[in-house]
>>> print(open('coords-v2.cif').read())   # mmCIF, C-alpha atoms (C1' of nucleotides)
data_query
#
loop_
_atom_site.group_PDB
_atom_site.id
_atom_site.type_symbol
_atom_site.label_atom_id
_atom_site.label_comp_id
_atom_site.auth_asym_id
_atom_site.auth_seq_id
_atom_site.Cartn_x
_atom_site.Cartn_y
_atom_site.Cartn_z
ATOM 1 C CA MET A 1 -105.504 24.468 -93.561
ATOM 2 C CA ASN A 2 -104.988 26.896 -90.708
ATOM 3 C CA ILE A 3 -106.765 26.944 -87.389
ATOM 4 C CA GLY A 4 -109.386 29.405 -88.546
ATOM 5 C CA GLU A 5 -110.733 27.114 -91.190
ATOM 6 C CA ALA A 6 -110.398 24.080 -88.939
ATOM 7 C CA ALA A 7 -112.529 25.892 -86.409
ATOM 8 C CA ARG A 8 -115.117 26.861 -88.964
ATOM 9 C CA ARG A 9 -115.353 23.386 -90.418
ATOM 10 C CA SER A 10 -115.388 21.507 -87.132
ATOM 11 C CA GLY A 11 -117.616 23.968 -85.348
ATOM 12 C CA LEU A 12 -115.194 24.174 -82.433
ATOM 13 C CA PRO A 13 -113.753 27.473 -81.210
ATOM 14 C CA GLN A 14 -110.083 28.062 -81.936
ATOM 15 C CA LYS A 15 -109.432 28.266 -78.223
ATOM 16 C CA THR A 16 -110.853 24.820 -77.763
ATOM 17 C CA ILE A 17 -108.778 23.380 -80.549
ATOM 18 C CA ARG A 18 -105.595 24.819 -79.064
ATOM 19 C CA TYR A 19 -106.624 23.451 -75.705
ATOM 20 C CA TYR A 20 -107.172 19.995 -77.161
ATOM 21 C CA GLU A 21 -103.728 20.105 -78.655
ATOM 22 C CA GLU A 22 -102.249 21.247 -75.357
ATOM 23 C CA ILE A 23 -103.692 18.267 -73.524
ATOM 24 C CA GLY A 24 -102.553 15.927 -76.238
ATOM 25 C CA LEU A 25 -105.785 15.019 -77.992
ATOM 26 C CA LEU A 26 -104.263 15.838 -81.357
ATOM 27 C CA ARG A 27 -100.945 16.888 -82.798
ATOM 28 C CA PRO A 28 -101.324 19.031 -85.899
ATOM 29 C CA ASP A 29 -98.166 19.754 -87.867
ATOM 30 C CA ARG A 30 -96.638 23.192 -87.952
ATOM 31 C CA ASP A 31 -95.792 25.269 -90.951
ATOM 32 C CA GLY A 32 -92.488 27.097 -91.223
ATOM 33 C CA ASN A 33 -94.066 30.207 -89.750
ATOM 34 C CA GLY A 34 -95.253 28.362 -86.663
ATOM 35 C CA TYR A 35 -98.864 28.177 -87.768
ATOM 36 C CA ARG A 36 -100.673 24.928 -87.071
ATOM 37 C CA ARG A 37 -101.502 22.962 -90.186
ATOM 38 C CA PHE A 38 -104.559 20.756 -89.951
ATOM 39 C CA ARG A 39 -104.910 17.698 -92.128
ATOM 40 C CA ASP A 40 -108.070 15.759 -92.753
ATOM 41 C CA THR A 41 -107.273 13.298 -89.988
ATOM 42 C CA ASP A 42 -107.001 16.194 -87.535
ATOM 43 C CA LEU A 43 -110.293 17.497 -88.745
ATOM 44 C CA HIS A 44 -111.920 14.123 -88.263
ATOM 45 C CA LYS A 45 -110.600 13.952 -84.754
ATOM 46 C CA LEU A 46 -111.978 17.377 -83.987
ATOM 47 C CA ALA A 47 -115.376 16.416 -85.320
ATOM 48 C CA PHE A 48 -115.261 13.237 -83.264
ATOM 49 C CA LEU A 49 -114.378 15.166 -80.145
ATOM 50 C CA GLY A 50 -117.067 17.732 -80.719
ATOM 51 C CA ARG A 51 -119.635 15.036 -81.078
ATOM 52 C CA ALA A 52 -118.452 13.104 -78.036
ATOM 53 C CA ARG A 53 -118.419 16.264 -75.935
ATOM 54 C CA ALA A 54 -121.918 17.078 -77.148
ATOM 55 C CA LEU A 55 -123.007 13.759 -75.715
ATOM 56 C CA GLY A 56 -121.512 14.836 -72.416
ATOM 57 C CA PHE A 57 -118.491 12.563 -72.310
ATOM 58 C CA PRO A 58 -115.820 14.129 -70.132
ATOM 59 C CA ILE A 59 -112.525 14.854 -71.812
ATOM 60 C CA GLU A 60 -110.724 11.845 -70.408
ATOM 61 C CA GLU A 61 -113.411 9.548 -71.742
ATOM 62 C CA CYS A 62 -113.171 11.324 -75.071
ATOM 63 C CA ARG A 63 -109.501 10.495 -75.030
ATOM 64 C CA THR A 64 -110.317 6.867 -74.388
ATOM 65 C CA LEU A 65 -112.945 6.798 -77.106
ATOM 66 C CA LEU A 66 -110.613 8.453 -79.556
ATOM 67 C CA GLY A 67 -108.038 5.793 -78.749
ATOM 68 C CA LEU A 68 -110.570 3.063 -79.412
ATOM 69 C CA TYR A 69 -111.645 4.798 -82.578
ATOM 70 C CA GLU A 70 -108.116 4.693 -83.878
ATOM 71 C CA ASP A 71 -107.481 1.153 -82.773
ATOM 72 C CA ASP A 72 -108.600 -1.209 -85.510
ATOM 73 C CA SER A 73 -108.385 -4.153 -83.175
ATOM 74 C CA ARG A 74 -110.673 -2.689 -80.510
ATOM 75 C CA GLU A 75 -113.559 -4.713 -79.204
ATOM 76 C CA SER A 76 -116.915 -3.025 -79.424
ATOM 77 C CA ALA A 77 -117.530 -4.219 -75.879
ATOM 78 C CA SER A 78 -114.943 -1.709 -74.655
ATOM 79 C CA VAL A 79 -116.724 1.140 -76.340
ATOM 80 C CA LYS A 80 -120.086 -0.002 -75.071
ATOM 81 C CA ALA A 81 -118.757 -0.227 -71.533
ATOM 82 C CA VAL A 82 -117.574 3.379 -71.601
ATOM 83 C CA ALA A 83 -120.878 4.515 -73.042
ATOM 84 C CA GLU A 84 -122.918 2.585 -70.511
ATOM 85 C CA GLU A 85 -121.021 4.037 -67.603
ATOM 86 C CA HIS A 86 -121.561 7.478 -68.959
ATOM 87 C CA LEU A 87 -125.228 6.737 -69.487
ATOM 88 C CA ALA A 88 -125.522 5.707 -65.858
ATOM 89 C CA LYS A 89 -123.977 8.974 -64.749
ATOM 90 C CA ILE A 90 -126.375 10.914 -66.911
ATOM 91 C CA ASP A 91 -129.291 9.068 -65.359
ATOM 92 C CA GLN A 92 -127.957 9.875 -61.943
ATOM 93 C CA LYS A 93 -127.734 13.559 -62.772
ATOM 94 C CA ILE A 94 -131.206 13.589 -64.209
ATOM 95 C CA ASP A 95 -132.596 12.014 -61.063
ATOM 96 C CA GLN A 96 -130.849 14.545 -58.911
ATOM 97 C CA LEU A 97 -132.162 17.415 -60.975
ATOM 98 C CA ARG A 98 -135.653 16.019 -60.996
ATOM 99 C CA SER A 99 -135.612 15.780 -57.247
ATOM 100 C CA MET A 100 -134.504 19.391 -56.944
ATOM 101 C CA ARG A 101 -137.075 20.384 -59.480
ATOM 102 C CA ALA A 102 -139.880 18.705 -57.585
ATOM 103 C CA THR A 103 -139.092 20.417 -54.311
ATOM 104 C CA LEU A 104 -138.468 23.777 -55.892
ATOM 105 C CA SER A 105 -141.582 23.603 -57.989
ATOM 106 C CA ASP A 106 -143.693 22.909 -54.914
ATOM 107 C CA LEU A 107 -142.179 25.854 -53.138
ATOM 108 C CA VAL A 108 -142.738 28.174 -56.060
ATOM 109 C CA GLN A 109 -146.344 27.042 -56.278
ATOM 110 C CA ALA A 110 -146.841 27.754 -52.619
ATOM 111 C CA CYS A 111 -145.447 31.280 -52.787
ATOM 112 C CA HIS A 112 -148.052 33.867 -53.619
ATOM 113 C CA GLY A 113 -145.363 36.193 -54.930
ATOM 114 C CA ASP A 114 -146.740 39.578 -54.056
ATOM 115 C CA HIS A 115 -145.587 42.621 -52.115
ATOM 116 C CA ARG A 116 -145.928 40.972 -48.723
ATOM 117 C CA PRO A 117 -142.875 39.561 -46.978
ATOM 118 C CA ASP A 118 -144.371 36.237 -46.007
ATOM 119 C CA CYS A 119 -142.738 33.535 -48.133
ATOM 120 C CA PRO A 120 -142.908 29.743 -47.975
ATOM 121 C CA ILE A 121 -139.723 29.445 -49.996
ATOM 122 C CA LEU A 122 -137.670 31.281 -47.419
ATOM 123 C CA LYS A 123 -139.503 29.452 -44.707
ATOM 124 C CA ASP A 124 -138.457 26.145 -46.160
ATOM 125 C CA LEU A 125 -134.857 27.213 -46.675
ATOM 126 C CA ALA A 126 -134.655 28.490 -43.132
ATOM 127 C CA GLY A 127 -136.455 25.508 -41.740
ATOM 128 C CA ASN A 128 -134.326 23.774 -39.253
ATOM 129 C CA GLY A 129 -131.761 21.542 -40.895
ATOM 130 C CA LEU A 130 -129.732 21.586 -37.702
ATOM 131 C CA THR A 131 -128.555 18.547 -35.837
ATOM 132 C CA PRO A 132 -129.454 18.949 -32.167
ATOM 133 C CA THR A 133 -126.651 19.894 -29.821
ATOM 134 C CA MET B 134 -119.210 27.180 -30.450
ATOM 135 C CA ASN B 135 -116.142 26.437 -32.577
ATOM 136 C CA ILE B 136 -116.068 25.522 -36.221
ATOM 137 C CA GLY B 137 -116.029 21.793 -35.562
ATOM 138 C CA GLU B 138 -119.363 21.832 -33.820
ATOM 139 C CA ALA B 139 -120.784 24.293 -36.328
ATOM 140 C CA ALA B 140 -119.806 21.883 -39.071
ATOM 141 C CA ARG B 141 -121.319 18.935 -37.290
ATOM 142 C CA ARG B 142 -124.565 20.720 -36.544
ATOM 143 C CA SER B 143 -125.000 22.308 -39.956
ATOM 144 C CA GLY B 144 -123.807 19.304 -41.897
ATOM 145 C CA LEU B 145 -121.384 21.456 -43.872
ATOM 146 C CA PRO B 146 -117.643 20.687 -44.050
ATOM 147 C CA GLN B 147 -115.367 23.047 -42.175
ATOM 148 C CA LYS B 148 -113.713 23.954 -45.450
ATOM 149 C CA THR B 149 -117.013 25.041 -46.846
ATOM 150 C CA ILE B 150 -117.786 27.154 -43.808
ATOM 151 C CA ARG B 151 -114.429 28.915 -44.017
ATOM 152 C CA TYR B 152 -115.021 29.458 -47.692
ATOM 153 C CA TYR B 153 -118.424 30.974 -47.042
ATOM 154 C CA GLU B 154 -116.865 33.348 -44.586
ATOM 155 C CA GLU B 155 -114.135 34.226 -47.053
ATOM 156 C CA ILE B 156 -116.645 35.236 -49.703
ATOM 157 C CA GLY B 157 -118.647 37.175 -47.175
ATOM 158 C CA LEU B 158 -121.716 35.038 -46.678
ATOM 159 C CA LEU B 159 -121.286 35.200 -42.898
ATOM 160 C CA ARG B 160 -119.062 36.900 -40.379
ATOM 161 C CA PRO B 161 -118.602 34.841 -37.253
ATOM 162 C CA ASP B 162 -116.909 36.533 -34.299
ATOM 163 C CA ARG B 163 -113.450 35.561 -33.218
ATOM 164 C CA ASP B 164 -112.312 34.494 -29.775
ATOM 165 C CA GLY B 165 -109.130 35.835 -28.227
ATOM 166 C CA ASN B 166 -107.190 32.898 -29.593
ATOM 167 C CA GLY B 167 -108.302 33.602 -33.148
ATOM 168 C CA TYR B 168 -110.806 30.770 -33.251
ATOM 169 C CA ARG B 169 -114.094 31.497 -34.955
ATOM 170 C CA ARG B 170 -117.057 31.656 -32.625
ATOM 171 C CA PHE B 171 -120.371 30.694 -34.148
ATOM 172 C CA ARG B 172 -123.601 32.016 -32.697
ATOM 173 C CA ASP B 173 -127.060 30.697 -33.382
ATOM 174 C CA THR B 174 -127.612 33.234 -36.128
ATOM 175 C CA ASP B 175 -124.493 31.997 -37.874
ATOM 176 C CA LEU B 176 -125.708 28.473 -37.542
ATOM 177 C CA HIS B 177 -129.052 29.406 -39.023
ATOM 178 C CA LYS B 178 -127.334 31.021 -41.955
ATOM 179 C CA LEU B 179 -125.257 27.928 -42.533
ATOM 180 C CA ALA B 180 -128.322 25.733 -42.455
ATOM 181 C CA PHE B 181 -130.046 28.100 -44.857
ATOM 182 C CA LEU B 182 -127.102 28.019 -47.223
ATOM 183 C CA GLY B 183 -126.825 24.256 -47.059
ATOM 184 C CA ARG B 184 -130.457 23.914 -47.946
ATOM 185 C CA ALA B 185 -130.319 26.443 -50.762
ATOM 186 C CA ARG B 186 -127.220 24.782 -52.203
ATOM 187 C CA ALA B 187 -128.953 21.419 -51.993
ATOM 188 C CA LEU B 188 -131.666 22.864 -54.212
ATOM 189 C CA GLY B 189 -128.966 23.794 -56.667
ATOM 190 C CA PHE B 190 -128.963 27.561 -56.221
ATOM 191 C CA PRO B 191 -125.569 28.912 -57.210
ATOM 192 C CA ILE B 192 -123.661 30.767 -54.533
ATOM 193 C CA GLU B 193 -124.536 34.230 -55.790
ATOM 194 C CA GLU B 194 -128.215 33.422 -55.712
ATOM 195 C CA CYS B 195 -127.763 32.039 -52.238
ATOM 196 C CA ARG B 196 -126.311 35.378 -51.292
ATOM 197 C CA THR B 197 -129.341 37.109 -52.735
ATOM 198 C CA LEU B 198 -131.728 34.760 -50.993
ATOM 199 C CA LEU B 199 -129.912 35.170 -47.713
ATOM 200 C CA GLY B 200 -130.242 38.907 -48.120
ATOM 201 C CA LEU B 201 -133.958 38.589 -48.698
ATOM 202 C CA TYR B 202 -134.204 36.223 -45.762
ATOM 203 C CA GLU B 203 -132.700 38.819 -43.489
ATOM 204 C CA ASP B 204 -134.714 41.673 -44.900
ATOM 205 C CA ASP B 205 -137.998 41.898 -43.041
ATOM 206 C CA SER B 206 -139.410 44.243 -45.643
ATOM 207 C CA ARG B 207 -138.745 41.944 -48.594
ATOM 208 C CA GLU B 208 -141.507 41.175 -51.027
ATOM 209 C CA SER B 209 -142.209 37.522 -51.564
ATOM 210 C CA ALA B 210 -142.348 38.291 -55.281
ATOM 211 C CA SER B 211 -138.592 38.882 -55.242
ATOM 212 C CA VAL B 212 -137.944 35.497 -53.743
ATOM 213 C CA LYS B 213 -140.303 33.822 -56.129
ATOM 214 C CA ALA B 214 -138.625 35.471 -59.089
ATOM 215 C CA VAL B 215 -135.227 34.114 -58.088
ATOM 216 C CA ALA B 216 -136.683 30.674 -57.548
ATOM 217 C CA GLU B 217 -138.509 30.678 -60.856
ATOM 218 C CA GLU B 218 -135.428 31.642 -62.775
ATOM 219 C CA HIS B 219 -133.523 28.864 -61.128
ATOM 220 C CA LEU B 220 -136.329 26.455 -61.862
ATOM 221 C CA ALA B 221 -136.153 27.402 -65.516
ATOM 222 C CA LYS B 222 -132.436 26.689 -65.560
ATOM 223 C CA ILE B 223 -132.998 23.327 -63.968
ATOM 224 C CA ASP B 224 -135.586 22.493 -66.598
ATOM 225 C CA GLN B 225 -133.143 23.504 -69.267
ATOM 226 C CA LYS B 226 -130.467 21.240 -67.866
ATOM 227 C CA ILE B 227 -132.878 18.358 -67.573
ATOM 228 C CA ASP B 228 -133.903 18.761 -71.185
ATOM 229 C CA GLN B 229 -130.318 18.836 -72.294
ATOM 230 C CA LEU B 230 -129.498 15.709 -70.334
ATOM 231 C CA ARG B 231 -132.562 13.923 -71.598
ATOM 232 C CA SER B 232 -131.592 14.674 -75.143
ATOM 233 C CA MET B 233 -128.101 13.312 -74.553
ATOM 234 C CA ARG B 234 -129.577 10.342 -72.817
ATOM 235 C CA ALA B 235 -131.863 9.543 -75.709
ATOM 236 C CA THR B 236 -129.113 9.595 -78.296
ATOM 237 C CA LEU B 237 -126.671 7.724 -76.142
ATOM 238 C CA SER B 238 -129.191 5.130 -75.170
ATOM 239 C CA ASP B 239 -129.993 4.428 -78.804
ATOM 240 C CA LEU B 240 -126.348 4.038 -79.604
ATOM 241 C CA VAL B 241 -125.775 1.695 -76.695
ATOM 242 C CA GLN B 242 -128.736 -0.385 -77.782
ATOM 243 C CA ALA B 243 -127.368 -0.616 -81.270
ATOM 244 C CA CYS B 244 -123.926 -1.785 -80.182
ATOM 245 C CA HIS B 245 -123.663 -5.531 -79.851
ATOM 246 C CA GLY B 246 -120.753 -5.135 -77.446
ATOM 247 C CA ASP B 247 -118.664 -8.179 -78.229
ATOM 248 C CA HIS B 248 -115.086 -8.885 -79.234
ATOM 249 C CA ARG B 249 -115.511 -7.588 -82.754
ATOM 250 C CA PRO B 250 -114.341 -4.083 -83.657
ATOM 251 C CA ASP B 251 -117.457 -2.987 -85.499
ATOM 252 C CA CYS B 252 -119.240 -0.396 -83.377
ATOM 253 C CA PRO B 253 -122.205 1.875 -84.140
ATOM 254 C CA ILE B 254 -121.243 4.173 -81.271
ATOM 255 C CA LEU B 255 -117.898 5.006 -82.800
ATOM 256 C CA LYS B 256 -119.519 5.176 -86.184
ATOM 257 C CA ASP B 257 -121.898 7.823 -84.944
ATOM 258 C CA LEU B 258 -119.203 9.816 -83.185
ATOM 259 C CA ALA B 259 -117.037 9.748 -86.266
ATOM 260 C CA GLY B 260 -119.925 10.463 -88.564
ATOM 261 C CA ASN B 261 -119.273 13.571 -90.459
ATOM 262 C CA GLY B 262 -120.039 16.659 -88.454
ATOM 263 C CA LEU B 263 -117.928 18.701 -90.792
ATOM 264 C CA THR B 264 -119.033 21.793 -92.613
ATOM 265 C CA PRO B 265 -118.158 21.459 -96.299
ATOM 266 C CA THR B 266 -115.155 23.422 -97.496
ATOM 267 C "C1'" DC C 267 -92.258 50.804 -99.653
ATOM 268 C "C1'" DC C 268 -95.296 51.477 -96.004
ATOM 269 C "C1'" DT C 269 -99.210 50.658 -93.628
ATOM 270 C "C1'" DT C 270 -103.283 48.606 -92.165
ATOM 271 C "C1'" DG C 271 -105.992 44.821 -90.891
ATOM 272 C "C1'" DA C 272 -106.816 40.066 -90.415
ATOM 273 C "C1'" DG C 273 -105.062 35.963 -88.747
ATOM 274 C "C1'" DC C 274 -101.863 33.518 -86.125
ATOM 275 C "C1'" DT C 275 -98.758 32.698 -81.888
ATOM 276 C "C1'" DT C 276 -97.929 32.194 -76.677
ATOM 277 C "C1'" DC C 277 -98.912 33.192 -72.011
ATOM 278 C "C1'" DC C 278 -101.589 34.600 -68.008
ATOM 279 C "C1'" DA C 279 -105.790 35.158 -65.449
ATOM 280 C "C1'" DG C 280 -110.478 33.990 -64.328
ATOM 281 C "C1'" DT C 281 -114.396 30.943 -64.015
ATOM 282 C "C1'" DT C 282 -117.391 27.420 -59.805
ATOM 283 C "C1'" DA C 283 -117.370 25.814 -55.298
ATOM 284 C "C1'" DC C 284 -114.890 23.938 -52.926
ATOM 285 C "C1'" DG C 285 -111.057 19.787 -51.277
ATOM 286 C "C1'" DG C 286 -106.260 18.384 -50.000
ATOM 287 C "C1'" DG C 287 -102.396 19.172 -47.602
ATOM 288 C "C1'" DA C 288 -98.581 21.805 -45.401
ATOM 289 C "C1'" DA C 289 -96.877 24.476 -41.592
ATOM 290 C "C1'" DC C 290 -97.967 26.169 -37.391
ATOM 291 C "C1'" DC C 291 -100.600 27.530 -32.971
ATOM 292 C "C1'" DT C 292 -103.920 26.242 -28.886
ATOM 293 C "C1'" DT C 293 -106.324 23.416 -25.944
ATOM 294 C "C1'" DT C 294 -107.145 19.216 -23.552
ATOM 295 C "C1'" DA C 295 -105.943 14.893 -21.649
ATOM 296 C "C1'" DT C 296 -102.715 11.782 -19.868
ATOM 297 C "C1'" DA D 297 -94.046 17.027 -20.249
ATOM 298 C "C1'" DT D 298 -96.016 15.401 -24.057
ATOM 299 C "C1'" DA D 299 -99.125 13.889 -27.335
ATOM 300 C "C1'" DA D 300 -103.479 14.132 -29.577
ATOM 301 C "C1'" DA D 301 -107.141 16.762 -31.158
ATOM 302 C "C1'" DG D 302 -108.750 20.863 -32.987
ATOM 303 C "C1'" DG D 303 -107.977 25.388 -34.625
ATOM 304 C "C1'" DT D 304 -105.529 28.904 -38.075
ATOM 305 C "C1'" DT D 305 -103.734 30.621 -42.742
ATOM 306 C "C1'" DC D 306 -101.977 29.844 -47.262
ATOM 307 C "C1'" DC D 307 -101.404 27.782 -51.612
ATOM 308 C "C1'" DC D 308 -102.344 24.359 -55.226
ATOM 309 C "C1'" DG D 309 -105.590 21.591 -57.962
ATOM 310 C "C1'" DT D 310 -110.014 20.560 -60.028
ATOM 311 C "C1'" DA D 311 -112.987 20.745 -65.583
ATOM 312 C "C1'" DA D 312 -113.013 22.595 -69.631
ATOM 313 C "C1'" DC D 313 -112.565 26.042 -71.364
ATOM 314 C "C1'" DT D 314 -112.970 31.748 -72.275
ATOM 315 C "C1'" DG D 315 -111.084 36.408 -72.479
ATOM 316 C "C1'" DG D 316 -107.494 39.374 -73.141
ATOM 317 C "C1'" DA D 317 -102.723 41.139 -73.833
ATOM 318 C "C1'" DA D 318 -98.444 41.367 -76.409
ATOM 319 C "C1'" DG D 319 -96.381 40.255 -80.432
ATOM 320 C "C1'" DC D 320 -95.378 37.880 -85.084
ATOM 321 C "C1'" DT D 321 -97.014 36.946 -90.167
ATOM 322 C "C1'" DC D 322 -99.377 37.591 -94.251
ATOM 323 C "C1'" DA D 323 -102.170 39.733 -98.053
ATOM 324 C "C1'" DA D 324 -103.935 43.912 -100.036
ATOM 325 C "C1'" DG D 325 -104.058 48.904 -101.049
ATOM 326 C "C1'" DG D 326 -102.018 53.471 -101.977
#
>>> encode(input="coords-v2.cif", output="structure tokens")
Amino acid sequence: MNIGEAARRSGLPQKTIRYYEEIGLLRPDRDGNGYRRFRDTDLHKLAFLGRARALGFPIEECRTLLGLYEDDSRESASVKAVAEEHLAKIDQKIDQLRSMRATLSDLVQACHGDHRPDCPILKDLAGNGLTPT
Amino acid sequence: MNIGEAARRSGLPQKTIRYYEEIGLLRPDRDGNGYRRFRDTDLHKLAFLGRARALGFPIEECRTLLGLYEDDSRESASVKAVAEEHLAKIDQKIDQLRSMRATLSDLVQACHGDHRPDCPILKDLAGNGLTPT
DNA sequence: CCTTGAGCTTCCAGTTACGGGAACCTTTAT
DNA sequence: ATAAAGGTTCCCGTAACTGGAAGCTCAAGG
């Protein structure tokens, strides 16, 4: 099948598929006319990548996971290690966002939000974050 | 003061300060030798930007906020609107991360993580996300 | 046979918010 | 005089694509 159908079936944009090929995540054959020809294995890889990306794994970790996926002699511990590291990073991001959210939410609460210029949000942003001379 | 001290006092890297000037967030004077000269107002802007960035506002919103900050006739409602939109985006990101986290956490739990190749994580990633022909 | 349109190709630029490093000038201290 | 520290500009690289241009191929219609 051509890239159009591969895109439709995998749910990935054509651009993304070409990009994945460019960075060596897959290597579809080419037809005589230069068109990419996707086999079922390519399609499976694309689905795998789409799923891994949806879970937030960065591309290089997707590459690693794909390698493990294709390696029949992998140890599940290797996969778990990658996943756990990623999980830790997600937790870190969530914490960071929650902290921002808390501060910002307080500020929004405190701002009356009317036609007057007085604003606790700006006051907080302006508020001296300067190290003394 | 020169850029070094401005960086130290604002907590922002010199690179960042130059970048902010480049995209027009501030316009420090120049000395005869070409060195930037930072006044107190510049320093205040830098502190403001550092704080706004720390709350996750993207640069263009920082620009907007800085504009409002410098506009004595602003309405606090404008500031609040910007902040609320940003808050909504943060909430969205948190939700997305939490959803990833939930799935990933389940998968990690399910993986025994030993020397054997059998792995529920890979099984899930591989698991058919393909639209039927 | 010709044309039109869809589908495919490659290549280049832009996105976000900087960071690294080169090449070079100025100031300060020894 | 010289060396170190601090300043300048400029250009490349990041992550993971997305958009668009120019051009080739293929299937259908008149």
>>> residues_around(input="coords-v2.cif", residues="Met100 of chain A", least_positions_apart="4", cutoff="8 Å", atoms="all atoms listed in the file", output="PyMOL selection string")
(chain A and resi 96+104) or (chain B and resi 187-189)
>>> closest_atom_pairs(input="coords-v2.cif", of="chain C", to="chain A", cutoff="12 Å", atoms="only C-alpha atoms (C1' of nucleotides)", output="JSON lines")
{"residue": "C:DA272", "atom": "C1'", "partner": "A:Gly4", "partner_atom": "CA", "distance": 11.1}
{"residue": "C:DG273", "atom": "C1'", "partner": "A:Gly4", "partner_atom": "CA", "distance": 7.9}
{"residue": "C:DC274", "atom": "C1'", "partner": "A:Tyr35", "partner_atom": "CA", "distance": 6.3}
{"residue": "C:DT275", "atom": "C1'", "partner": "A:Gly34", "partner_atom": "CA", "distance": 7.3}
{"residue": "C:DT276", "atom": "C1'", "partner": "A:Arg18", "partner_atom": "CA", "distance": 10.9}
>>> atom_distance(input="coords-v2.cif", atom1="atom CA of Ala77 of chain A", atom2="atom C1' of DA311 of chain D")
27.4 Å
>>> residues_near_point(input="coords-v2.cif", point="(-125.8, 24.0, -45.2)", cutoff="10 Å", atoms="only C-alpha atoms (C1' of nucleotides)", output="list of chain:residue names")
A:Leu125, A:Gly129, A:Leu130, B:Ala140, B:Arg142, B:Ser143, B:Gly144, B:Leu145, B:Pro146, B:Thr149, B:Ile150, B:Leu176, B:His177, B:Lys178, B:Leu179, B:Ala180, B:Phe181, B:Leu182, B:Gly183, B:Arg184, B:Ala185, B:Arg186, B:Ala187
>>> resolve_selection(input="coords-v2.cif", expression="the PyMOL selection byres ((chain D and resi 298) around 9)", output="list in words")
DT296 of chain C; DA297 and DA299 of chain D
>>> write_last_selection(input="coords-v2.cif", atoms="C-alpha atoms (C1' of nucleotides)", output="PDB file, in the coordinates of the input")
ATOM      1  C1'  DT C 296    -102.715  11.782 -19.868  1.00  0.00           C
TER       2       DT C 296
ATOM      3  C1'  DA D 297     -94.046  17.027 -20.249  1.00  0.00           C
ATOM      4  C1'  DA D 299     -99.125  13.889 -27.335  1.00  0.00           C
TER       5       DA D 299
END
>>> resolve_selection(input="coords-v2.cif", expression="the PyMOL selection byres ((chain D and resi 307) around 12)", output="number ranges by chain")
C: 286-289; D: 305-306, 308-309
>>> write_last_selection(input="coords-v2.cif", atoms="C-alpha atoms (C1' of nucleotides)", output="PDB file, keeping the file's coordinate frame")
ATOM      1  C1'  DG C 286    -106.260  18.384 -50.000  1.00  0.00           C
ATOM      2  C1'  DG C 287    -102.396  19.172 -47.602  1.00  0.00           C
ATOM      3  C1'  DA C 288     -98.581  21.805 -45.401  1.00  0.00           C
ATOM      4  C1'  DA C 289     -96.877  24.476 -41.592  1.00  0.00           C
TER       5       DA C 289
ATOM      6  C1'  DT D 305    -103.734  30.621 -42.742  1.00  0.00           C
ATOM      7  C1'  DC D 306    -101.977  29.844 -47.262  1.00  0.00           C
ATOM      8  C1'  DC D 308    -102.344  24.359 -55.226  1.00  0.00           C
ATOM      9  C1'  DG D 309    -105.590  21.591 -57.962  1.00  0.00           C
TER      10       DG D 309
END
>>> residues_around(input="coords-v2.cif", residues="DG280 of chain C", least_positions_apart="2", cutoff="12 Å", atoms="all atoms listed in the file", output="JSON list (two decimals) with C-alpha atoms (C1' of nucleotides), in the frame of the given file")
[["chain", "number", "residue", "atom", "x", "y", "z"],
["C", 278, "DC", "C1'", -101.59, 34.60, -68.01],
["C", 282, "DT", "C1'", -117.39, 27.42, -59.80],
["D", 313, "DC", "C1'", -112.56, 26.04, -71.36],
["D", 314, "DT", "C1'", -112.97, 31.75, -72.28],
["D", 315, "DG", "C1'", -111.08, 36.41, -72.48],
["D", 316, "DG", "C1'", -107.49, 39.37, -73.14]]
>>> axis_aligned_box(input="coords-v2.cif", around="segment 276-284 of chain C", padding_each_side="5 Å", output="lines of an AutoDock Vina configuration file")
center_x = -107.7
center_y = 29.5
center_z = -64.8
size_x = 29.5
size_y = 21.2
size_z = 33.8
>>> closest_residue(input="coords-v2.cif", among="A:Arg37, A:Asp106, A:Glu22, A:Glu75", to="chain B", atoms="only C-alpha atoms")
A:Glu75
>>> closest_residue(input="coords-v2.cif", among="D:DA300, D:DA312, D:DA318, D:DA323", to="chain A", atoms="only C-alpha atoms (C1' of nucleotides)")
D:DA312
>>> atom_distance(input="coords-v2.cif", atom1="atom CA of Asp173 of chain B", atom2="atom CA of Val108 of chain A")
27.7 Å
>>> closest_atom_pairs(input="coords-v2.cif", of="chain D", to="chain B", cutoff="8 Å", atoms="only C-alpha atoms (C1' of nucleotides)", output="Markdown table")
| residue | atom | partner | partner_atom | distance |
| --- | --- | --- | --- | --- |
| D:DG302 | C1' | B:Gly137 | CA | 7.8 |
| D:DG303 | C1' | B:Tyr168 | CA | 6.2 |
| D:DT304 | C1' | B:Gly167 | CA | 7.4 |
>>> residues_around(input="coords-v2.cif", residues="Arg98 of chain A", least_positions_apart="2", cutoff="12 Å", atoms="all atoms listed in the file", output="ChimeraX atom specification")
/A:91-96,100-105 /B:188-189,220,223-228,230-231
>>> atom_distance(input="coords-v2.cif", atom1="atom CA of Lys89 of chain A", atom2="atom CA of Tyr19 of chain A")
25.1 Å
>>> resolve_selection(input="coords-v2.cif", expression="the PyMOL selection byres ((chain B and resi 198-206) around 12)", output="VMD selection string")
(chain A and resid 115 to 127) or (chain B and resid 157 to 159 174 to 175 177 to 186 190 to 197 207 to 216 219)
